[in-house]
>>> print(open('work-v5.pdb').read())   # PDB, C-alpha atoms and all ligand atoms
ATOM      1  CA  MET S 902     -18.540  20.552 -22.739
ATOM      2  CA  PRO S 903     -16.221  18.687 -20.302
ATOM      3  CA  LYS S 904     -17.375  18.424 -16.731
ATOM      4  CA  ILE S 905     -15.905  20.960 -14.347
ATOM      5  CA  PHE S 906     -13.363  19.292 -12.115
ATOM      6  CA  LYS S 907     -13.241  20.780  -8.639
ATOM      7  CA  VAL S 908     -10.919  19.912  -5.760
ATOM      8  CA  GLY S 909     -10.623  21.881  -2.540
ATOM      9  CA  GLY S 910     -12.751  24.656  -4.044
ATOM     10  CA  GLU S 911     -10.366  25.065  -7.025
ATOM     11  CA  ARG S 912     -11.479  24.473 -10.619
ATOM     12  CA  ILE S 913      -9.139  22.504 -12.835
ATOM     13  CA  LEU S 914      -9.789  22.837 -16.559
ATOM     14  CA  PRO S 915      -8.845  20.301 -19.246
ATOM     15  CA  GLY S 916      -5.100  20.553 -19.966
ATOM     16  CA  GLU S 917      -4.370  22.168 -16.584
ATOM     17  CA  THR S 918      -2.119  20.945 -13.781
ATOM     18  CA  LYS S 919      -2.603  22.385 -10.307
ATOM     19  CA  ILE S 920      -1.422  21.818  -6.775
ATOM     20  CA  VAL S 921      -4.274  22.393  -4.345
ATOM     21  CA  ASN S 922      -3.728  22.593  -0.608
ATOM     22  CA  ILE S 923      -6.876  21.293   1.009
ATOM     23  CA  HIS S 924      -7.427  22.757   4.444
ATOM     24  CA  ILE S 925      -7.685  20.017   7.074
ATOM     25  CA  ALA S 926      -7.534  21.616  10.516
ATOM     26  CA  SER S 927      -5.920  24.188  12.761
ATOM     27  CA  LEU S 928      -3.300  23.015  15.232
ATOM     28  CA  TYR S 929      -3.326  24.085  18.922
ATOM     29  CA  ASP S 930      -1.326  27.196  18.091
ATOM     30  CA  TYR S 931      -3.644  28.025  15.163
ATOM     31  CA  THR S 932      -1.120  26.859  12.550
ATOM     32  CA  GLU S 933      -3.197  25.809   9.556
ATOM     33  CA  LEU S 934      -2.687  22.267   8.354
ATOM     34  CA  ASN S 935      -3.222  21.367   4.694
ATOM     35  CA  MET S 936      -3.265  18.157   2.658
ATOM     36  CA  PRO S 937      -1.401  18.800  -0.618
ATOM     37  CA  VAL S 938      -3.051  17.355  -3.728
ATOM     38  CA  LYS S 939      -1.730  17.551  -7.285
ATOM     39  CA  VAL S 940      -4.203  17.277 -10.146
ATOM     40  CA  ILE S 941      -3.014  16.617 -13.688
ATOM     41  CA  ARG S 942      -5.884  16.948 -16.121
ATOM     42  CA  SER S 943      -5.471  16.003 -19.759
ATOM     43  CA  LYS S 944      -7.241  17.762 -22.626
ATOM     44  CA  GLU S 945      -8.484  14.323 -23.647
ATOM     45  CA  PRO S 946     -11.183  12.608 -21.611
ATOM     46  CA  GLY S 947     -10.349   9.364 -19.829
ATOM     47  CA  PRO S 948     -10.356   7.622 -16.473
ATOM     48  CA  LYS S 949      -9.878   9.498 -13.219
ATOM     49  CA  LEU S 950      -7.276   7.827 -11.028
ATOM     50  CA  PHE S 951      -6.140   8.784  -7.536
ATOM     51  CA  ILE S 952      -2.885   7.560  -6.041
ATOM     52  CA  SER S 953      -2.555   8.118  -2.303
ATOM     53  CA  ALA S 954       0.095   7.400   0.319
ATOM     54  CA  ALA S 955       0.793   7.823   4.034
ATOM     55  CA  ILE S 956      -2.763   7.239   5.249
ATOM     56  CA  HIS S 957      -0.636   5.695   7.964
ATOM     57  CA  GLY S 958       1.691   8.643   8.546
ATOM     58  CA  ASP S 959       4.881   6.612   9.060
ATOM     59  CA  GLU S 960       4.484   4.553   5.857
ATOM     60  CA  ILE S 961       6.583   6.657   3.535
ATOM     61  CA  ASN S 962       7.623   4.437   0.591
ATOM     62  CA  GLY S 963       4.466   5.524  -1.256
ATOM     63  CA  VAL S 964       5.384   9.200  -0.824
ATOM     64  CA  GLU S 965       8.585   8.498  -2.773
ATOM     65  CA  VAL S 966       6.706   6.349  -5.336
ATOM     66  CA  ILE S 967       4.476   9.339  -6.152
ATOM     67  CA  ARG S 968       7.419  11.754  -6.372
ATOM     68  CA  ARG S 969       9.274   9.501  -8.823
ATOM     69  CA  LEU S 970       6.131   8.737 -10.815
ATOM     70  CA  LEU S 971       5.513  12.459 -11.430
ATOM     71  CA  LYS S 972       9.060  12.840 -12.804
ATOM     72  CA  LYS S 973       8.339  10.342 -15.619
ATOM     73  CA  LYS S 974       8.017  12.037 -19.020
ATOM     74  CA  VAL S 975       5.136   9.734 -19.922
ATOM     75  CA  ILE S 976       2.925  11.430 -17.298
ATOM     76  CA  LYS S 977       2.592  14.360 -19.737
ATOM     77  CA  LYS S 978       0.850  11.991 -22.170
ATOM     78  CA  ILE S 979      -1.975  10.805 -19.946
ATOM     79  CA  LYS S 980      -5.627  10.786 -20.918
ATOM     80  CA  GLY S 981      -8.130  11.668 -18.238
ATOM     81  CA  THR S 982      -7.214  12.961 -14.781
ATOM     82  CA  LEU S 983      -4.537  11.896 -12.309
ATOM     83  CA  ILE S 984      -4.913  13.038  -8.691
ATOM     84  CA  VAL S 985      -1.990  12.305  -6.403
ATOM     85  CA  VAL S 986      -2.093  12.705  -2.645
ATOM     86  CA  PRO S 987       1.392  11.858  -1.342
ATOM     87  CA  ILE S 988       0.597  12.507   2.317
ATOM     88  CA  VAL S 989      -2.986  11.904   3.429
ATOM     89  CA  ASN S 990      -2.277  11.746   7.164
ATOM     90  CA  VAL S 991      -0.307  14.977   7.413
ATOM     91  CA  PHE S 992      -0.414  14.808  11.225
ATOM     92  CA  GLY S 993       1.129  11.330  11.448
ATOM     93  CA  PHE S 994       3.689  12.091   8.744
ATOM     94  CA  ASN S 995       5.079  15.055  10.650
ATOM     95  CA  ASN S 996       5.168  13.063  13.885
ATOM     96  CA  LYS S 997       6.626   9.923  12.243
ATOM     97  CA  SER S 998       3.536   8.138  13.528
ATOM     98  CA  ARG S 999       0.978   5.757  12.033
ATOM     99  CA  TYR S1000      -1.825   7.506  13.890
ATOM    100  CA  LEU S1001      -3.493  10.851  14.300
ATOM    101  CA  PRO S1002      -2.822  12.984  17.403
ATOM    102  CA  ASP S1003      -5.808  11.362  19.160
ATOM    103  CA  ARG S1004      -4.255   7.885  18.514
ATOM    104  CA  ARG S1005      -6.976   7.076  15.990
ATOM    105  CA  ASP S1006      -6.122   4.997  12.915
ATOM    106  CA  LEU S1007      -7.238   6.913   9.827
ATOM    107  CA  ASN S1008      -7.719   3.675   7.891
ATOM    108  CA  ARG S1009     -10.374   2.600  10.420
ATOM    109  CA  SER S1010     -12.199   5.947  10.235
ATOM    110  CA  PHE S1011     -13.756   5.834   6.739
ATOM    111  CA  PRO S1012     -16.035   7.129   5.308
ATOM    112  CA  GLY S1013     -15.855   9.617   8.153
ATOM    113  CA  SER S1014     -18.108  12.555   8.856
ATOM    114  CA  LYS S1015     -18.042  16.311   8.570
ATOM    115  CA  GLU S1016     -18.799  16.791  12.260
ATOM    116  CA  GLY S1017     -16.689  13.952  13.680
ATOM    117  CA  SER S1018     -13.280  13.710  15.325
ATOM    118  CA  LEU S1019     -10.097  14.782  13.569
ATOM    119  CA  ALA S1020      -9.679  11.335  11.964
ATOM    120  CA  SER S1021     -13.308  11.211  10.912
ATOM    121  CA  ARG S1022     -13.147  14.696   9.358
ATOM    122  CA  LEU S1023      -9.935  13.904   7.484
ATOM    123  CA  ALA S1024     -11.466  10.654   6.161
ATOM    124  CA  HIS S1025     -14.599  12.529   5.091
ATOM    125  CA  CYS S1026     -12.527  15.200   3.347
ATOM    126  CA  PHE S1027     -10.524  12.544   1.452
ATOM    127  CA  MET S1028     -13.733  10.750   0.429
ATOM    128  CA  THR S1029     -15.527  13.856  -0.832
ATOM    129  CA  GLU S1030     -12.597  15.727  -2.416
ATOM    130  CA  VAL S1031     -10.603  12.821  -3.858
ATOM    131  CA  VAL S1032     -12.431   9.465  -3.959
ATOM    132  CA  ALA S1033     -15.764  10.908  -5.146
ATOM    133  CA  ASN S1034     -13.946  12.640  -8.028
ATOM    134  CA  CYS S1035     -12.321   9.424  -9.289
ATOM    135  CA  THR S1036     -13.151   6.169 -11.060
ATOM    136  CA  HIS S1037     -10.091   4.227  -9.828
ATOM    137  CA  GLY S1038      -7.631   4.381  -6.926
ATOM    138  CA  ILE S1039      -4.319   2.995  -5.730
ATOM    139  CA  ASP S1040      -3.596   3.405  -2.027
ATOM    140  CA  MET S1041      -0.021   2.748  -0.907
ATOM    141  CA  HIS S1042       1.092   1.230   2.392
ATOM    142  CA  THR S1043       4.079  -0.516   3.965
ATOM    143  CA  GLY S1044       4.525  -2.906   6.856
ATOM    144  CA  ALA S1045       4.282  -1.409  10.345
ATOM    145  CA  GLN S1046       7.404  -0.288  12.231
ATOM    146  CA  ASN S1047       9.896  -3.174  12.443
ATOM    147  CA  ARG S1048       7.839  -5.181   9.965
ATOM    148  CA  TYR S1049       8.914  -5.728   6.382
ATOM    149  CA  ASN S1050       6.456  -6.623   3.635
ATOM    150  CA  LEU S1051       7.267  -8.153   0.281
ATOM    151  CA  PRO S1052       5.933  -5.804  -2.446
ATOM    152  CA  GLN S1053       2.379  -7.102  -2.857
ATOM    153  CA  ILE S1054      -1.145  -6.136  -3.882
ATOM    154  CA  ARG S1055      -4.105  -6.605  -1.552
ATOM    155  CA  ALA S1056      -7.508  -6.381  -3.131
ATOM    156  CA  CYS S1057     -10.960  -7.845  -3.146
ATOM    157  CA  LEU S1058     -10.749 -10.189  -6.149
ATOM    158  CA  ASP S1059     -14.485 -10.991  -6.327
ATOM    159  CA  ASP S1060     -14.742  -7.982  -8.627
ATOM    160  CA  GLN S1061     -13.436  -8.828 -12.105
ATOM    161  CA  GLN S1062     -11.963  -5.393 -12.901
ATOM    162  CA  THR S1063     -10.193  -5.218  -9.541
ATOM    163  CA  LYS S1064      -8.750  -8.663 -10.219
ATOM    164  CA  GLU S1065      -7.485  -7.664 -13.678
ATOM    165  CA  LEU S1066      -5.836  -4.499 -12.335
ATOM    166  CA  SER S1067      -4.306  -6.400  -9.394
ATOM    167  CA  LEU S1068      -2.643  -8.833 -11.784
ATOM    168  CA  ALA S1069      -1.635  -5.997 -14.152
ATOM    169  CA  PHE S1070       0.226  -4.152 -11.358
ATOM    170  CA  GLY S1071       3.012  -6.652 -11.903
ATOM    171  CA  VAL S1072       4.204  -7.727  -8.459
ATOM    172  CA  PRO S1073       4.519 -11.507  -7.938
ATOM    173  CA  VAL S1074       2.060 -11.775  -5.048
ATOM    174  CA  VAL S1075      -1.596 -10.700  -4.984
ATOM    175  CA  LEU S1076      -3.560 -11.332  -1.793
ATOM    176  CA  ASP S1077      -7.294 -11.783  -2.099
ATOM    177  CA  SER S1078      -7.911  -9.808   1.017
ATOM    178  CA  LYS S1079     -11.148  -9.306   2.887
ATOM    179  CA  LEU S1080     -12.265  -5.752   3.493
ATOM    180  CA  ARG S1081     -11.576  -4.278   6.891
ATOM    181  CA  ASP S1082     -14.398  -2.393   8.551
ATOM    182  CA  SER S1083     -14.176   1.380   8.104
ATOM    183  CA  SER S1084     -11.121   1.154   5.832
ATOM    184  CA  LEU S1085     -10.669   3.371   2.775
ATOM    185  CA  ARG S1086     -10.958   0.259   0.609
ATOM    186  CA  GLU S1087     -14.361  -0.636   2.044
ATOM    187  CA  ALA S1088     -15.682   2.935   1.760
ATOM    188  CA  ALA S1089     -14.406   3.333  -1.834
ATOM    189  CA  LEU S1090     -15.857  -0.016  -2.897
ATOM    190  CA  LYS S1091     -19.265   1.015  -1.527
ATOM    191  CA  LYS S1092     -19.020   4.023  -3.868
ATOM    192  CA  LYS S1093     -18.352   1.589  -6.744
ATOM    193  CA  LYS S1094     -14.728   2.668  -7.208
ATOM    194  CA  THR S1095     -12.087   0.165  -8.314
ATOM    195  CA  ILE S1096      -9.359   0.297  -5.694
ATOM    196  CA  LEU S1097      -6.057  -1.524  -5.129
ATOM    197  CA  LEU S1098      -3.911  -1.470  -2.036
ATOM    198  CA  TYR S1099      -0.161  -1.718  -2.629
ATOM    199  CA  GLU S1100       2.021  -2.834   0.296
ATOM    200  CA  GLY S1101       5.789  -2.844   0.192
ATOM    201  CA  GLY S1102       8.713  -2.456   2.596
ATOM    202  CA  GLU S1103       8.537  -1.187   6.164
ATOM    203  CA  ALA S1104       7.509   1.969   8.015
ATOM    204  CA  LEU S1105       9.954   4.910   8.313
ATOM    205  CA  ARG S1106      12.258   3.539   5.592
ATOM    206  CA  PHE S1107      12.813   3.963   1.888
ATOM    207  CA  ASN S1108      12.961   0.397   0.567
ATOM    208  CA  GLU S1109      14.332   0.785  -2.968
ATOM    209  CA  GLU S1110      12.780  -2.330  -4.507
ATOM    210  CA  ALA S1111       9.357  -1.608  -2.990
ATOM    211  CA  ILE S1112       9.544   1.947  -4.401
ATOM    212  CA  ARG S1113      10.579   0.777  -7.890
ATOM    213  CA  ARG S1114       7.899  -1.906  -8.031
ATOM    214  CA  GLY S1115       5.372   0.703  -6.875
ATOM    215  CA  VAL S1116       6.278   3.153  -9.657
ATOM    216  CA  ASP S1117       6.191   0.414 -12.336
ATOM    217  CA  GLY S1118       2.925  -0.927 -10.969
ATOM    218  CA  CYS S1119       1.196   2.482 -11.079
ATOM    219  CA  LEU S1120       2.312   2.937 -14.711
ATOM    220  CA  ARG S1121       1.039  -0.525 -15.655
ATOM    221  CA  VAL S1122      -2.338   0.131 -14.040
ATOM    222  CA  MET S1123      -2.522   3.456 -15.892
ATOM    223  CA  SER S1124      -1.926   1.588 -19.172
ATOM    224  CA  LYS S1125      -4.478  -1.060 -18.287
ATOM    225  CA  ILE S1126      -7.279   1.475 -17.629
ATOM    226  CA  GLY S1127      -6.446   3.463 -20.792
ATOM    227  CA  MET S1128      -4.737   6.510 -19.241
ATOM    228  CA  LEU S1129      -1.474   5.668 -20.951
ATOM    229  CA  PRO S1130      -0.892   3.930 -24.271
ATOM    230  CA  GLU S1131      -0.689   0.138 -24.120
ATOM    231  CA  ASN S1132       2.831  -1.009 -23.220
ATOM    232  CA  ALA S1133       3.933   2.432 -22.035
ATOM    233  CA  GLU S1134       5.609   0.367 -19.349
ATOM    234  CA  LYS S1135       7.000  -2.882 -20.719
ATOM    235  CA  PRO S1136       6.267  -5.878 -18.548
ATOM    236  CA  GLN S1137       9.307  -7.487 -16.979
ATOM    237  CA  LYS S1138      10.461 -10.649 -18.647
ATOM    238  CA  GLY S1139       8.626 -13.684 -17.357
ATOM    239  CA  HIS S1140       6.424 -11.471 -15.196
ATOM    240  CA  LEU S1141       3.595 -13.366 -13.540
ATOM    241  CA  ALA S1142       1.438 -12.683 -10.537
ATOM    242  CA  TYR S1143       0.202 -15.399  -8.192
ATOM    243  CA  ILE S1144      -2.923 -15.178  -6.071
ATOM    244  CA  SER S1145      -3.051 -16.255  -2.446
ATOM    245  CA  ARG S1146      -6.340 -16.533  -0.586
ATOM    246  CA  VAL S1147      -5.050 -17.647   2.811
ATOM    247  CA  THR S1148      -2.200 -16.232   4.890
ATOM    248  CA  LYS S1149      -1.051 -17.061   8.382
ATOM    249  CA  TRP S1150       1.417 -15.637  10.913
ATOM    250  CA  VAL S1151       4.029 -17.956  12.418
ATOM    251  CA  ARG S1152       4.359 -16.886  16.058
ATOM    252  CA  ALA S1153       7.094 -17.054  18.692
ATOM    253  CA  PRO S1154       6.911 -20.268  20.765
ATOM    254  CA  HIS S1155       8.769 -18.537  23.612
ATOM    255  CA  SER S1156       9.964 -15.079  24.658
ATOM    256  CA  GLY S1157      13.561 -14.058  23.977
ATOM    257  CA  LEU S1158      15.982 -13.241  21.174
ATOM    258  CA  VAL S1159      15.392 -14.463  17.637
ATOM    259  CA  ARG S1160      17.656 -15.908  14.962
ATOM    260  CA  MET S1161      15.882 -16.369  11.660
ATOM    261  CA  VAL S1162      16.914 -19.024   9.162
ATOM    262  CA  LYS S1163      14.409 -17.943   6.485
ATOM    263  CA  LYS S1164      13.911 -14.659   4.680
ATOM    264  CA  THR S1165      11.209 -12.939   2.618
ATOM    265  CA  GLY S1166      10.390 -14.911  -0.526
ATOM    266  CA  ASP S1167      11.553 -18.272   0.876
ATOM    267  CA  SER S1168       9.135 -21.159   0.666
ATOM    268  CA  VAL S1169       8.419 -23.132   3.844
ATOM    269  CA  ARG S1170       6.771 -26.477   4.570
ATOM    270  CA  GLU S1171       4.442 -27.200   7.469
ATOM    271  CA  GLY S1172       6.577 -28.271  10.442
ATOM    272  CA  GLU S1173       9.793 -26.801   8.973
ATOM    273  CA  LYS S1174      12.231 -24.894  11.209
ATOM    274  CA  VAL S1175      12.177 -21.191  10.283
ATOM    275  CA  GLY S1176      14.211 -19.802  13.178
ATOM    276  CA  PHE S1177      15.157 -20.088  16.849
ATOM    277  CA  VAL S1178      14.277 -18.246  20.064
ATOM    278  CA  TYR S1179      16.638 -18.208  23.070
ATOM    279  CA  GLY S1180      17.480 -16.251  26.212
ATOM    280  CA  PRO S1181      20.622 -14.112  26.513
ATOM    281  CA  LEU S1182      22.282 -16.557  28.946
ATOM    282  CA  ASP S1183      20.488 -19.662  27.699
ATOM    283  CA  ARG S1184      22.173 -22.640  26.109
ATOM    284  CA  GLN S1185      18.816 -23.948  25.010
ATOM    285  CA  GLU S1186      17.320 -22.787  21.692
ATOM    286  CA  TYR S1187      13.606 -23.166  21.027
ATOM    287  CA  PRO S1188      12.919 -23.895  17.350
ATOM    288  CA  ILE S1189      10.269 -21.831  15.578
ATOM    289  CA  LEU S1190       8.257 -24.247  13.443
ATOM    290  CA  SER S1191       6.032 -23.105  10.611
ATOM    291  CA  ASP S1192       2.485 -24.362  11.093
ATOM    292  CA  VAL S1193       1.671 -23.800   7.434
ATOM    293  CA  SER S1194       3.194 -24.477   3.991
ATOM    294  CA  GLY S1195       3.679 -21.494   1.689
ATOM    295  CA  VAL S1196       5.902 -18.506   0.917
ATOM    296  CA  ILE S1197       7.116 -15.856   3.379
ATOM    297  CA  ILE S1198       5.615 -12.499   2.348
ATOM    298  CA  GLY S1199       6.465 -10.480   5.468
ATOM    299  CA  LEU S1200       8.514 -10.677   8.621
ATOM    300  CA  SER S1201       9.470  -8.948  11.841
ATOM    301  CA  THR S1202      12.785  -7.100  11.542
ATOM    302  CA  ILE S1203      13.428  -6.827  15.280
ATOM    303  CA  PRO S1204      15.160  -9.820  16.918
ATOM    304  CA  LEU S1205      13.283  -9.505  20.225
ATOM    305  CA  VAL S1206       9.977 -11.282  20.852
ATOM    306  CA  ASN S1207       7.431 -12.092  23.477
ATOM    307  CA  GLN S1208       5.775 -15.468  23.339
ATOM    308  CA  GLY S1209       3.039 -15.335  20.693
ATOM    309  CA  ASP S1210       4.486 -12.380  18.759
ATOM    310  CA  ALA S1211       4.076 -12.614  14.986
ATOM    311  CA  ILE S1212       7.428 -13.370  13.285
ATOM    312  CA  PHE S1213       6.806 -14.629   9.733
ATOM    313  CA  HIS S1214       3.790 -13.922   7.512
ATOM    314  CA  VAL S1215       3.244 -16.918   5.241
ATOM    315  CA  ALA S1216       0.927 -16.945   2.218
ATOM    316  CA  THR S1217      -0.328 -20.223   0.778
ATOM    317  CA  PHE S1218      -0.276 -20.949  -2.963
ATOM    318  CA  THR S1219      -1.087 -23.917  -5.156
ATOM    319  CA  ASP S1220       2.536 -23.953  -6.362
ATOM    320  CA  SER S1221       4.942 -22.301  -3.893
ATOM    321  CA  ALA S1222       8.031 -23.154  -5.977
ATOM    322  CA  LYS S1223       6.820 -21.014  -8.907
ATOM    323  CA  VAL S1224       6.053 -18.080  -6.597
ATOM    324  CA  LYS S1225       9.484 -18.375  -4.996
ATOM    325  CA  ARG S1226      11.123 -18.219  -8.447
ATOM    326  CA  ALA S1227       9.100 -15.126  -9.374
ATOM    327  CA  ILE S1228      10.120 -13.387  -6.113
ATOM    328  CA  GLU S1229      13.798 -14.275  -6.625
ATOM    329  CA  ARG S1230      13.944 -11.615  -9.381
ATOM    330  CA  LEU S1231      13.324  -8.912  -6.763
ATOM    331  CA  ASP S1232      16.134  -7.315  -4.795
ATOM    332  CA  LEU S1233      14.664  -7.515  -1.287
ATOM    333  CA  ASP S1234      16.036  -6.033   1.945
ATOM    334  CA  TYR S1235      15.294  -8.965   4.286
TER     335      TYR S1235
HETATM  336 ZN    ZN V1301      -0.711   1.099   6.253
END
>>> encode(input="work-v5.pdb", output="structure tokens", more="lines below")
Ligand SMILES: [Zn+2]
Amino acid sequence: MPKIFKVGGERILPGETKIVNIHIASLYDYTELNMPVKVIRSKEPGPKLFISAAIHGDEINGVEVIRRLLKKKVIKKIKGTLIVVPIVNVFGFNNKSRYLPDRRDLNRSFPGSKEGSLASRLAHCFMTEVVANCTHGIDMHTGAQNRYNLPQIRACLDDQQTKELSLAFGVPVVLDSKLRDSSLREAALKKKKTILLYEGGEALRFNEEAIRRGVDGCLRVMSKIGMLPENAEKPQKGHLAYISRVTKWVRAPHSGLVRMVKKTGDSVREGEKVGFVYGPLDRQEYPILSDVSGVIIGLSTIPLVNQGDAIFHVATFTDSAKVKRAIERLDLDY
């Protein structure tokens, strides 16, 4: 007898697909706010995977990844259970904001509590209704506002299965990233769930390449864990993923306007000029020098800086040239 699968008080039987609106809170005017969750349960047993997006409400590429993923015919052939949560932070999403109405960051509020603040309650609800029901998870993010991220996986690679899934996702760069306190990743790992974090593009935008790589990556992970037949999603030609364990931000040496001479995916050497900062009436230009060798995996998209502002995010690799070649196949925005 298959185990009863329950989300938001609803029972989902083998072979059933249901959208469940999980009640989150009442707004000031008593409007009820729900978190929509779609559960696709196969007749055949298998892994239980959640895919979530917009934990930071303004990071919307993942919302589109989930929408496109569900349109794929192959989703009808899954084994096990797929739970998608396109908008976790429903408050932030409607306000085009990263945060909750009390300015709390949901991804610093896990595992949360039933009696806590709004953020804490939402985190607790996501943990008990979604994470606890699953064996694996993919959580999707983007850069912050005015910050573009190369499509990349961030995961704790000490765990062998997490490492295998990170490489299977199929984006060129995988960051071995330490857990942040009170993040979803930390809370899920404590519950012995295998979880990946996908980052791509920037907040409040649809970045086409980041969305496409996200859809492909989810399908590849689903194949890898046995939800979909092997090779349901063919790997790209020459596809390879490279691991970076150290990243560093190159910061503005001066306040002013910025002209960049490097873009995402470019390799840089320590001491190399990556851009210039200057004042609006200034003849003098201050060079921005990289203090690290590696590959640019993220950058600021706004040409205004204060001294010390982060401009380029550089990841270090044993062979930057190979990583650069792998990234060149992507059609990036910056
Ligand atoms: Zn985020």
>>> residues_near_ligand(input="work-v5.pdb", ligand="ligand ZN 1301 (chain V)", cutoff="6 Å", atoms="all atoms listed in the file", output="list of chain:residue names")
S:His957, S:His1042, S:Thr1043
>>> residues_around(input="work-v5.pdb", residues="stretch 931-942 of chain S", least_positions_apart="6", cutoff="8 Å", atoms="all atoms listed in the file", output="NGL selection string")
:S and (913-925 or 980-991)
>>> atom_distance(input="work-v5.pdb", atom1="atom CA of S:Leu1019", atom2="atom CA of S:Ser1083")
15.0 Å
>>> closest_residue(input="work-v5.pdb", among="S:Ile961, S:Leu1205, S:Trp1150, S:Arg968", to="S:Val1116", atoms="all atoms listed in the file")
S:Arg968
>>> closest_atom_pairs(input="work-v5.pdb", of="stretch 966-1035 of chain S", to="stretch 1088-1098 of chain S", cutoff="7 Å", atoms="all atoms listed in the file", output="Markdown table")
| residue | atom | partner | partner_atom | distance |
| --- | --- | --- | --- | --- |
| S:Phe1011 | CA | S:Ala1088 | CA | 6.1 |
| S:Pro1012 | CA | S:Ala1088 | CA | 5.5 |
| S:Val1032 | CA | S:Ala1089 | CA | 6.8 |
>>> write_last_selection(input="work-v5.pdb", atoms="C-alpha atoms", output="mmCIF file, in the frame of the given file")
data_model
loop_
_atom_site.group_PDB
_atom_site.id
_atom_site.type_symbol
_atom_site.label_atom_id
_atom_site.label_comp_id
_atom_site.auth_asym_id
_atom_site.auth_seq_id
_atom_site.Cartn_x
_atom_site.Cartn_y
_atom_site.Cartn_z
ATOM 1 C CA PHE S 1011 -13.756 5.834 6.739
ATOM 2 C CA PRO S 1012 -16.035 7.129 5.308
ATOM 3 C CA VAL S 1032 -12.431 9.465 -3.959
#
>>> resolve_selection(input="work-v5.pdb", expression="the PyMOL selection byres (((chain S and resi 1124) around 12) and not hetatm)", output="PyMOL selection string")
chain S and resi 947-948+950+975-976+978-981+1066+1069-1070+1117-1123+1125-1136
>>> closest_residue(input="work-v5.pdb", among="S:Leu1105, S:Leu1051, S:Ala1033, S:Leu1023", to="S:Asn995", atoms="all atoms listed in the file")
S:Leu1105
>>> closest_atom_pairs(input="work-v5.pdb", of="stretch 1102-1171 of chain S", to="stretch 1207-1213 of chain S", cutoff="6 Å", atoms="only C-alpha atoms", output="Markdown table")
| residue | atom | partner | partner_atom | distance |
| --- | --- | --- | --- | --- |
| S:Trp1150 | CA | S:Phe1213 | CA | 5.6 |
| S:Val1151 | CA | S:Phe1213 | CA | 5.1 |
| S:Arg1152 | CA | S:Ala1211 | CA | 4.4 |
| S:Ala1153 | CA | S:Gly1209 | CA | 4.8 |
| S:Pro1154 | CA | S:Gln1208 | CA | 5.6 |
| S:His1155 | CA | S:Gln1208 | CA | 4.3 |
| S:Ser1156 | CA | S:Asn1207 | CA | 4.1 |
>>> closest_residue(input="work-v5.pdb", among="S:Ala1142, S:Ile1203, S:Ala1020, S:Leu1001", to="S:Ile1054", atoms="all atoms listed in the file")
S:Ala1142
>>> residues_around(input="work-v5.pdb", residues="stretch 1222-1235 of chain S", least_positions_apart="6", cutoff="10 Å", atoms="all atoms listed in the file", output="PyMOL selection string")
chain S and resi 1049-1052+1072-1074+1102-1103+1108-1111+1114+1137-1144+1163-1169+1195-1202
>>> residues_around(input="work-v5.pdb", residues="stretch 1177-1179 of chain S", least_positions_apart="3", cutoff="10 Å", atoms="all atoms listed in the file", output="list of chain:residue names")
S:Ala1153, S:Pro1154, S:His1155, S:Ser1156, S:Gly1157, S:Leu1158, S:Val1159, S:Arg1160, S:Met1161, S:Val1162, S:Lys1174, S:Leu1182, S:Asp1183, S:Arg1184, S:Gln1185, S:Glu1186, S:Tyr1187, S:Pro1188, S:Ile1189, S:Leu1190, S:Pro1204, S:Leu1205, S:Val1206, S:Asn1207, S:Gln1208
>>> write_last_selection(input="work-v5.pdb", atoms="C-alpha atoms", output="PDB file, in the coordinates of the input")
ATOM      1  CA  ALA S1153       7.094 -17.054  18.692  1.00  0.00           C
ATOM      2  CA  PRO S1154       6.911 -20.268  20.765  1.00  0.00           C
ATOM      3  CA  HIS S1155       8.769 -18.537  23.612  1.00  0.00           C
ATOM      4  CA  SER S1156       9.964 -15.079  24.658  1.00  0.00           C
ATOM      5  CA  GLY S1157      13.561 -14.058  23.977  1.00  0.00           C
ATOM      6  CA  LEU S1158      15.982 -13.241  21.174  1.00  0.00           C
ATOM      7  CA  VAL S1159      15.392 -14.463  17.637  1.00  0.00           C
ATOM      8  CA  ARG S1160      17.656 -15.908  14.962  1.00  0.00           C
ATOM      9  CA  MET S1161      15.882 -16.369  11.660  1.00  0.00           C
ATOM     10  CA  VAL S1162      16.914 -19.024   9.162  1.00  0.00           C
ATOM     11  CA  LYS S1174      12.231 -24.894  11.209  1.00  0.00           C
ATOM     12  CA  LEU S1182      22.282 -16.557  28.946  1.00  0.00           C
ATOM     13  CA  ASP S1183      20.488 -19.662  27.699  1.00  0.00           C
ATOM     14  CA  ARG S1184      22.173 -22.640  26.109  1.00  0.00           C
ATOM     15  CA  GLN S1185      18.816 -23.948  25.010  1.00  0.00           C
ATOM     16  CA  GLU S1186      17.320 -22.787  21.692  1.00  0.00           C
ATOM     17  CA  TYR S1187      13.606 -23.166  21.027  1.00  0.00           C
ATOM     18  CA  PRO S1188      12.919 -23.895  17.350  1.00  0.00           C
ATOM     19  CA  ILE S1189      10.269 -21.831  15.578  1.00  0.00           C
ATOM     20  CA  LEU S1190       8.257 -24.247  13.443  1.00  0.00           C
ATOM     21  CA  PRO S1204      15.160  -9.820  16.918  1.00  0.00           C
ATOM     22  CA  LEU S1205      13.283  -9.505  20.225  1.00  0.00           C
ATOM     23  CA  VAL S1206       9.977 -11.282  20.852  1.00  0.00           C
ATOM     24  CA  ASN S1207       7.431 -12.092  23.477  1.00  0.00           C
ATOM     25  CA  GLN S1208       5.775 -15.468  23.339  1.00  0.00           C
TER      26      GLN S1208
END
>>> atom_distance(input="work-v5.pdb", atom1="atom CA of S:Ile952", atom2="atom CA of S:Asp1082")
21.1 Å
>>> closest_residue(input="work-v5.pdb", among="S:Ser998, S:Leu1076, S:Glu1171, S:Ala955", to="S:Leu1058", atoms="all atoms listed in the file")
S:Leu1076
